[in-house]
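Visitor: Quick one: this structure, given as structure tokens, is what I'll be asking you about.
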Amino acid sequence: MRLDCSDIAGGIILADGDLTPQSDWFEPDYWLRRDAGEPIGEGRGRAVGAGEKGQWVLRHYHRGGLPGRFLDDGYLWRGAEATRPVRELRLLAALCERGAPVARPVAARVLRAGLVYRGDILTERVMEARTLGERAVRLDPETWARVGETIRRFHAAGGWHADLNAHNILIAPAGVFVIDLDRGRLVAPGARGQRSNLDRLHRSLLKLGRLPGVEAGWQALLDAYRRSS
């Protein structure tokens, strides 16, 4: 897909070339004013609304851990192409072109103030979705296998996720999707780092506790991943 870059006051917007982006898109209040339905999103710095092509999810970039206590949403400016929103949008576009199971990118905004920038990203919403973490207890073996096949497709397209946990996999009527690719990158399919994605996902499932069926489900996921190799 084609991405076009536009200059705005204080920054840039990178967007799907078929759209005419507006800076208002990146303001949660904009979606509230439109009465778009379910305007409050799924976590800190998120909102959802009806965009030009279906429902969109807005995510504001926040720092986590100890740095987040002091810098919150500010990041060091090293050029537009090095910013997290731009890198994530370009990664999503590349993975979409390769048929990877990711949310389709819409647009990203970067606002700069001296040596610091803040950013936001818009992606298409996966409708009627729940995270793997939310559904783990009730999943049947077939769905666990679909998750394994999805991760394998993501890896076969060259995807590497910086934090593939149980809340970054969505299960929906339309399929299974990998989301939140901040700090992710393209790698050679089969790269050693991709195995770390599975290890991270397993650890996040273990943190849910000894839930009935989760270990058996994890084995079904692994078996499906390996069969798809």
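Identifiers for the structure tokens are assigned positionally: chains receive A, B, ... in sequence, residues are indexed from 1 per chain, and ligands are indexed from 1 in the order shown.
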As a VMD selection string, please: every residue in segment 38-142 of chain A that a backbone DSSP assignment puts in strand (DSSP E or B).
Guide: chain A and resid 40 46 to 51 54 to 60 75 to 76 102 105 to 113 116 to 124 130 to 131
Visitor: Please, which residues of segment 11-203 of chain A, numbered as in this document, come out alpha helix (DSSP H) from DSSP, as an NGL selection string?
Guide: :A and (28-33 or 65-71 or 84-97 or 132-135 or 141-156 or 192-203)
Visitor: For Asp29 of chain A, which residue out of A:Val187, A:Val48, A:Val116, A:Leu14 is the nearest one, using only C-alpha atoms?
Guide: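 Between A:Val187, A:Val48, A:Val116, A:Leu14, the residue approaching Asp29 of chain A most closely is A:Val48.
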Visitor: Counting only C-alpha atoms, what is within 10 Å of segment 192-202 of chain A, bar same-chain residues fewer than 2 positions away, as an MDAnalysis selection string?
Guide: chainID A and resid 148 151:152 154:156 158:169 187:190 204:207 214:215 218 221:222 225
Visitor: Determine the nearest neighbour of Ala113 of chain A from the options A:Leu76, A:Leu3, A:Pro85, A:Glu149, counting only C-alpha atoms.
Guide: A:Leu76
Visitor: So that I can see what lies close to Ile8 of chain A, please list as a PDB file with N, CA and C atoms, in the first residue's frame the residues with an atom at most 10 Å from it, counting only C-alpha atoms and leaving out residues fewer than 3 positions away in the same chain.
Guide:
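Below is the file that was written, around-v9.pdb:
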```pdb
ATOM      1  N   CYS A   5       3.219  11.326   3.012  1.00  0.00           N
ATOM      2  CA  CYS A   5       3.584  12.152   4.148  1.00  0.00           C
ATOM      3  C   CYS A   5       3.136  13.595   3.907  1.00  0.00           C
ATOM      4  N   GLY A  11       4.600  19.343  12.974  1.00  0.00           N
ATOM      5  CA  GLY A  11       4.950  17.946  12.743  1.00  0.00           C
ATOM      6  C   GLY A  11       4.535  17.433  11.383  1.00  0.00           C
ATOM      7  N   ILE A  12       4.256  16.123  11.333  1.00  0.00           N
ATOM      8  CA  ILE A  12       3.894  15.458  10.082  1.00  0.00           C
ATOM      9  C   ILE A  12       2.788  14.445  10.327  1.00  0.00           C
ATOM     10  N   ILE A  13       2.102  14.087   9.236  1.00  0.00           N
ATOM     11  CA  ILE A  13       1.178  12.961   9.234  1.00  0.00           C
ATOM     12  C   ILE A  13       1.579  12.046   8.091  1.00  0.00           C
ATOM     13  N   GLN A  22      -6.550  14.256   8.424  1.00  0.00           N
ATOM     14  CA  GLN A  22      -6.806  15.458   9.208  1.00  0.00           C
ATOM     15  C   GLN A  22      -6.140  15.302  10.567  1.00  0.00           C
ATOM     16  N   SER A  23      -5.606  16.386  11.083  1.00  0.00           N
ATOM     17  CA  SER A  23      -4.986  16.321  12.397  1.00  0.00           C
ATOM     18  C   SER A  23      -6.013  15.999  13.480  1.00  0.00           C
ATOM     19  N   ARG A 109       0.674  10.251  13.313  1.00  0.00           N
ATOM     20  CA  ARG A 109       1.011  11.667  13.478  1.00  0.00           C
ATOM     21  C   ARG A 109       2.183  11.797  14.445  1.00  0.00           C
ATOM     22  N   VAL A 110       3.111  12.685  14.108  1.00  0.00           N
ATOM     23  CA  VAL A 110       4.242  13.011  14.972  1.00  0.00           C
ATOM     24  C   VAL A 110       4.262  14.522  15.176  1.00  0.00           C
ATOM     25  N   LEU A 111       4.281  14.968  16.427  1.00  0.00           N
ATOM     26  CA  LEU A 111       4.375  16.382  16.780  1.00  0.00           C
ATOM     27  C   LEU A 111       5.686  16.611  17.518  1.00  0.00           C
TER      28      LEU A 111
END
```
